[in-house]
$ cat protein_19.cif   # mmCIF, C-alpha atoms
data_model
loop_
_atom_site.label_atom_id
_atom_site.label_comp_id
_atom_site.auth_asym_id
_atom_site.auth_seq_id
_atom_site.Cartn_x
_atom_site.Cartn_y
_atom_site.Cartn_z
CA TYR A 1 114.61 -38.56 91.00
CA GLY A 2 115.35 -36.82 87.71
CA TYR A 3 115.82 -33.48 89.46
CA LEU A 4 118.04 -35.04 92.14
CA GLY A 5 120.02 -36.79 89.42
CA TYR A 6 120.51 -33.49 87.60
CA GLN A 7 121.74 -31.89 90.84
CA ILE A 8 124.24 -34.72 91.39
CA TYR A 9 125.41 -34.29 87.80
CA GLN A 10 125.84 -30.52 88.24
CA ASP A 11 127.71 -30.96 91.52
CA LYS A 12 130.13 -33.46 89.97
CA ILE A 13 130.82 -31.26 86.93
CA GLN A 14 131.41 -28.18 89.11
CA GLU A 15 133.67 -30.20 91.39
CA GLN A 16 135.82 -31.19 88.40
CA SER A 17 134.98 -30.92 84.71
CA LEU A 18 134.80 -34.00 82.51
CA SER A 19 137.77 -32.84 80.43
CA GLU A 20 139.85 -32.40 83.59
CA ARG A 21 138.88 -35.88 84.79
CA VAL A 22 139.78 -37.37 81.41
CA ASN A 23 143.13 -35.54 81.25
CA GLN A 24 143.92 -36.73 84.77
CA LEU A 25 143.12 -40.30 83.75
CA LYS A 26 145.29 -40.09 80.62
CA SER A 27 148.25 -38.86 82.67
CA LYS A 28 148.34 -42.07 84.71
CA GLU A 29 151.29 -44.37 84.20
CA ASP A 30 149.13 -47.41 83.43
CA TYR A 31 146.98 -45.67 80.78
CA VAL A 32 146.97 -47.45 77.41
CA THR A 33 145.53 -46.48 74.04
CA LEU A 34 143.37 -48.74 71.86
CA ASP A 35 146.30 -49.58 69.59
CA GLN A 36 148.15 -50.91 72.66
CA ILE A 37 145.41 -53.44 73.39
CA SER A 38 144.82 -56.89 71.91
CA PRO A 39 142.14 -56.57 69.16
CA ILE A 40 140.46 -59.73 70.42
CA TYR A 41 140.21 -58.20 73.89
CA LYS A 42 138.48 -55.13 72.48
CA GLU A 43 135.99 -57.27 70.56
CA ALA A 44 135.37 -59.53 73.56
CA VAL A 45 134.54 -56.47 75.68
CA LEU A 46 132.05 -55.24 73.11
CA GLU A 47 130.38 -58.64 72.86
CA SER A 48 130.14 -59.09 76.62
CA GLU A 49 129.36 -55.51 77.69
CA ASP A 50 127.68 -53.57 74.89
CA ARG A 51 127.34 -55.26 71.49
CA ARG A 52 125.56 -52.28 69.91
CA PHE A 53 128.00 -49.70 71.29
CA TYR A 54 128.82 -48.18 67.90
CA GLN A 55 125.14 -48.04 66.84
CA HIS A 56 123.37 -46.39 69.78
CA GLY A 57 123.67 -43.11 71.67
CA PRO A 58 124.52 -42.57 75.36
CA VAL A 59 121.61 -44.83 76.36
CA ASP A 60 120.64 -47.98 74.47
CA TYR A 61 116.87 -47.94 74.87
CA TYR A 62 116.50 -51.19 72.93
CA GLY A 63 119.07 -52.90 75.17
CA LEU A 64 117.44 -51.44 78.28
CA ALA A 65 114.01 -52.74 77.29
CA ARG A 66 115.47 -56.16 76.49
CA ALA A 67 117.25 -56.28 79.87
CA MET A 68 114.06 -55.32 81.72
CA LEU A 69 112.11 -58.02 79.85
CA THR A 70 114.78 -60.63 80.65
CA ASN A 71 114.77 -59.66 84.32
CA LEU A 72 110.98 -59.84 84.51
CA THR A 73 110.71 -63.20 82.75
CA THR A 74 113.54 -64.80 84.75
CA PHE A 75 112.64 -63.12 88.08
CA SER A 76 116.23 -61.91 88.39
CA PHE A 77 118.27 -58.75 87.96
CA LYS A 78 121.16 -60.25 86.02
CA GLU A 79 120.72 -57.98 82.98
CA GLY A 80 121.64 -54.34 83.54
CA GLY A 81 121.24 -52.76 80.11
CA LEU A 82 123.96 -50.17 80.78
CA THR A 83 125.96 -48.88 77.86
CA ILE A 84 129.74 -48.56 77.95
CA THR A 85 129.29 -44.78 78.03
CA GLN A 86 127.05 -45.02 81.09
CA GLN A 87 129.56 -47.29 82.80
CA LEU A 88 132.34 -44.81 82.00
CA SER A 89 130.17 -42.04 83.51
CA LYS A 90 129.96 -44.00 86.73
CA ASN A 91 133.68 -44.87 86.73
CA LEU A 92 134.75 -41.26 86.14
CA CYS A 93 132.34 -39.37 88.35
CA LEU A 94 130.00 -41.38 90.54
CA SER A 95 129.98 -43.78 93.41
CA PHE A 96 128.72 -47.32 92.94
CA GLU A 97 125.56 -46.80 95.01
CA LYS A 98 122.51 -48.10 93.16
CA ASP A 99 119.76 -45.53 93.50
CA LEU A 100 117.53 -44.00 90.86
CA SER A 101 118.82 -40.42 91.19
CA ARG A 102 122.36 -41.58 90.44
CA LYS A 103 121.07 -43.45 87.39
CA PHE A 104 119.72 -40.15 86.08
CA ALA A 105 123.05 -38.44 86.83
CA GLU A 106 124.76 -41.23 84.92
CA VAL A 107 122.64 -40.48 81.84
CA PHE A 108 123.37 -36.73 81.99
CA ILE A 109 127.12 -37.41 82.20
CA ALA A 110 126.93 -40.01 79.41
CA ARG A 111 125.19 -37.48 77.18
CA ASP A 112 128.03 -34.99 77.72
CA LEU A 113 130.69 -37.63 77.12
CA GLU A 114 129.22 -38.54 73.74
CA LYS A 115 129.16 -34.86 72.76
CA MET A 116 132.82 -34.41 73.71
CA TYR A 117 134.41 -37.70 72.60
CA ASN A 118 133.96 -40.18 69.76
CA LYS A 119 133.14 -43.85 70.32
CA ASP A 120 136.74 -45.09 70.11
CA GLU A 121 137.82 -42.49 72.67
CA ILE A 122 135.00 -43.49 75.02
CA LEU A 123 135.84 -47.18 74.70
CA GLU A 124 139.51 -46.43 75.39
CA LEU A 125 138.62 -44.41 78.50
CA TYR A 126 136.29 -47.17 79.70
CA LEU A 127 139.00 -49.83 79.39
CA ASN A 128 141.27 -47.64 81.50
CA THR A 129 138.71 -47.22 84.28
CA SER A 130 137.25 -50.74 84.57
CA TYR A 131 137.70 -52.66 87.80
CA PHE A 132 139.04 -56.21 87.49
CA GLY A 133 139.28 -57.26 91.14
CA ASN A 134 142.38 -57.59 93.32
CA GLY A 135 142.97 -53.83 93.21
CA PHE A 136 143.37 -53.68 89.41
CA TYR A 137 141.59 -50.59 88.05
CA SER A 138 142.72 -50.62 84.43
CA VAL A 139 143.26 -53.12 81.64
CA LYS A 140 147.04 -52.70 81.86
CA SER A 141 147.26 -53.29 85.60
CA ALA A 142 144.94 -56.31 85.23
CA SER A 143 146.79 -57.91 82.31
CA LEU A 144 150.10 -57.47 84.12
CA GLY A 145 148.64 -58.65 87.42
CA TYR A 146 146.85 -61.74 86.12
CA PHE A 147 149.02 -62.78 83.17
CA ASN A 148 152.29 -60.84 83.54
CA LYS A 149 151.71 -59.45 80.04
CA LEU A 150 151.00 -56.07 78.49
CA PRO A 151 147.47 -55.76 77.04
CA LYS A 152 148.70 -56.04 73.44
CA ASP A 153 150.53 -59.29 74.20
CA MET A 154 147.59 -61.26 75.63
CA ASN A 155 146.58 -64.33 73.66
CA ASP A 156 142.94 -65.04 72.69
CA SER A 157 142.21 -67.06 75.82
CA GLU A 158 143.65 -64.43 78.19
CA SER A 159 141.94 -61.59 76.34
CA ILE A 160 138.53 -63.23 76.57
CA MET A 161 138.96 -64.16 80.23
CA LEU A 162 139.95 -60.59 81.11
CA ALA A 163 136.99 -59.16 79.17
CA GLY A 164 134.56 -61.16 81.31
CA ILE A 165 135.88 -60.09 84.71
CA PRO A 166 134.39 -56.55 85.15
CA ASN A 167 130.87 -57.99 85.02
CA ALA A 168 131.46 -59.28 88.59
CA PRO A 169 135.12 -58.78 89.64
CA SER A 170 134.83 -60.52 93.00
CA LEU A 171 133.38 -63.61 91.34
CA TYR A 172 135.26 -63.85 88.07
CA ASN A 173 138.87 -62.93 88.80
CA PRO A 174 141.12 -65.94 88.15
CA ILE A 175 143.20 -65.62 91.32
CA GLN A 176 140.29 -66.06 93.73
CA ASN A 177 137.87 -68.11 91.62
CA LYS A 178 139.60 -69.81 88.70
CA ASN A 179 136.70 -72.14 87.88
CA LEU A 180 134.19 -69.30 87.80
CA ALA A 181 136.61 -67.22 85.70
CA ILE A 182 136.78 -70.07 83.16
CA GLU A 183 133.00 -70.43 83.17
CA ARG A 184 132.61 -66.71 82.53
CA GLN A 185 135.28 -66.91 79.81
CA ARG A 186 133.22 -69.56 78.02
CA GLN A 187 130.10 -67.42 78.27
CA VAL A 188 131.94 -64.59 76.52
CA ILE A 189 133.38 -66.79 73.78
CA ASN A 190 129.94 -68.30 73.14
CA LYS A 191 128.63 -64.77 72.54
CA MET A 192 131.54 -64.13 70.18
CA ILE A 193 131.01 -67.38 68.29
CA LYS A 194 127.41 -66.36 67.60
CA SER A 195 128.95 -63.41 65.79
CA VAL A 196 130.10 -64.93 62.48
CA SER A 197 133.55 -63.31 62.57
CA TYR A 198 134.70 -65.36 65.56
CA THR A 199 133.82 -68.93 64.65
CA HIS A 200 137.58 -69.70 64.52
CA LEU A 201 138.12 -69.01 68.22
CA THR A 202 138.85 -71.91 70.54
CA LEU A 203 139.68 -72.19 74.22
CA PRO A 204 142.13 -74.60 75.83
#
$ encode --input "protein_19.cif" --output "structure tokens"
Amino acid sequence: YGYLGYQIYQDKIQEQSLSERVNQLKSKEDYVTLDQISPIYKEAVLESEDRRFYQHGPVDYYGLARAMLTNLTTFSFKEGGLTITQQLSKNLCLSFEKDLSRKFAEVFIARDLEKMYNKDEILELYLNTSYFGNGFYSVKSASLGYFNKLPKDMNDSESIMLAGIPNAPSLYNPIQNKNLAIERQRQVINKMIKSVSYTHLTLP
């Protein structure tokens, strides 16, 4: 699987380099930079997707082990253990098929991304490639589509709701499943409240 993953990685890089893919992404009309995004949204994403993003490398081995333990003890596969860099690798280069060889390819691409870009750049790219349901493939298209607001203008409640959607876009988008979107929103804010900095946050 490792060899097949490496071959997939090589094929994707030869097809189009990472820098070319990134430049193509940045040229899109709906691309936004981190300073054009609500700070609370950014923090909600980190809490819900990858709390240790700024501490670990391309792969969070501690997070992966914790996710595997959770899945084994709960007899479920709810915890994925993927880092934001790995998710960006998939969004930029790979299909969403879940097989082991593609997981290896994901790691090879993530390794290259962290050599080429700093953490803020990777987070910014990730937010511009996330899928939010209803055909929204970036934070700007989603904030406009769901709330008729630019990302920097979202309030705390909207920011936290939007941050929770990519975990399962078909389940958590507020147009199709408002109640589930609110439930997911509360899950995210509970994670944030456990982080001392966000004890002031409240939801309507």
$ closest_atom_pairs --input "protein_19.cif" --of "region 82-166 of chain A" --to "region 32-52 of chain A" --cutoff "9 Å" --atoms "all atoms listed in the file" --output "tab-separated table"
residue	atom	partner	partner_atom	distance
A:Leu82	CA	A:Asp50	CA	7.8
A:Thr83	CA	A:Asp50	CA	5.8
A:Ile84	CA	A:Asp50	CA	6.2
A:Asp120	CA	A:Leu34	CA	7.8
A:Glu121	CA	A:Leu34	CA	8.4
A:Leu123	CA	A:Leu34	CA	8.2
A:Glu124	CA	A:Leu34	CA	5.7
A:Leu125	CA	A:Thr33	CA	8.5
A:Leu127	CA	A:Val32	CA	8.6
A:Asn128	CA	A:Val32	CA	7.0
A:Ser138	CA	A:Val32	CA	8.8
A:Val139	CA	A:Val32	CA	8.0
A:Lys140	CA	A:Val32	CA	6.9
A:Leu150	CA	A:Ile37	CA	8.0
A:Pro151	CA	A:Ile37	CA	4.8
A:Lys152	CA	A:Ile37	CA	4.2
A:Asp153	CA	A:Ser38	CA	6.6
A:Met154	CA	A:Ser38	CA	6.4
A:Asn155	CA	A:Ser38	CA	7.8
A:Asp156	CA	A:Ile40	CA	6.3
A:Glu158	CA	A:Tyr41	CA	8.3
A:Ser159	CA	A:Tyr41	CA	4.5
A:Ile160	CA	A:Ala44	CA	5.7
A:Met161	CA	A:Tyr41	CA	8.8
A:Leu162	CA	A:Tyr41	CA	7.6
A:Ala163	CA	A:Val45	CA	5.0
A:Gly164	CA	A:Ser48	CA	6.8
$ residues_around --input "protein_19.cif" --residues "Asp99 (chain A)" --least-positions-apart "3" --cutoff "10 Å" --atoms "all atoms listed in the file" --output "PyMOL selection string"
chain A and resi 1+5+96+102-104
$ resolve_selection --input "protein_19.cif" --expression "the PyMOL selection byres ((chain A and resi 114) around 12)" --output "MDAnalysis selection string"
chainID A and resid 18 53:54 56:59 83:86 88:89 107:113 115:123
$ resolve_selection --input "protein_19.cif" --expression "the PyMOL selection byres ((chain A and resi 168) around 10)" --output "PyMOL selection string"
chain A and resi 131-133+164-167+169-173+181+184
$ atom_distance --input "protein_19.cif" --atom1 "CA of Gln16 (chain A)" --atom2 "CA of Asn91 (chain A)"
13.9 Å
$ axis_aligned_box --input "protein_19.cif" --around "region 153-159 of chain A" --padding-each-side "3 Å" --output "JSON"
{"center_x": 146.2, "center_y": -63.2, "center_z": 75.4, "size_x": 14.6, "size_y": 13.8, "size_z": 11.5}
$ atom_distance --input "protein_19.cif" --atom1 "CA of Val22 (chain A)" --atom2 "CA of Gln7 (chain A)"
21.1 Å
$ atom_distance --input "protein_19.cif" --atom1 "CA of Phe136 (chain A)" --atom2 "CA of Leu92 (chain A)"
15.5 Å
$ closest_residue --input "protein_19.cif" --among "A:Ile182, A:Gln176, A:Tyr126, A:Gln187" --to "Leu25 (chain A)" --atoms "only C-alpha atoms"
A:Tyr126
$ closest_residue --input "protein_19.cif" --among "A:Asn177, A:Gln10, A:Ser143, A:Ser130" --to "Gln87 (chain A)" --atoms "only C-alpha atoms"
A:Ser130
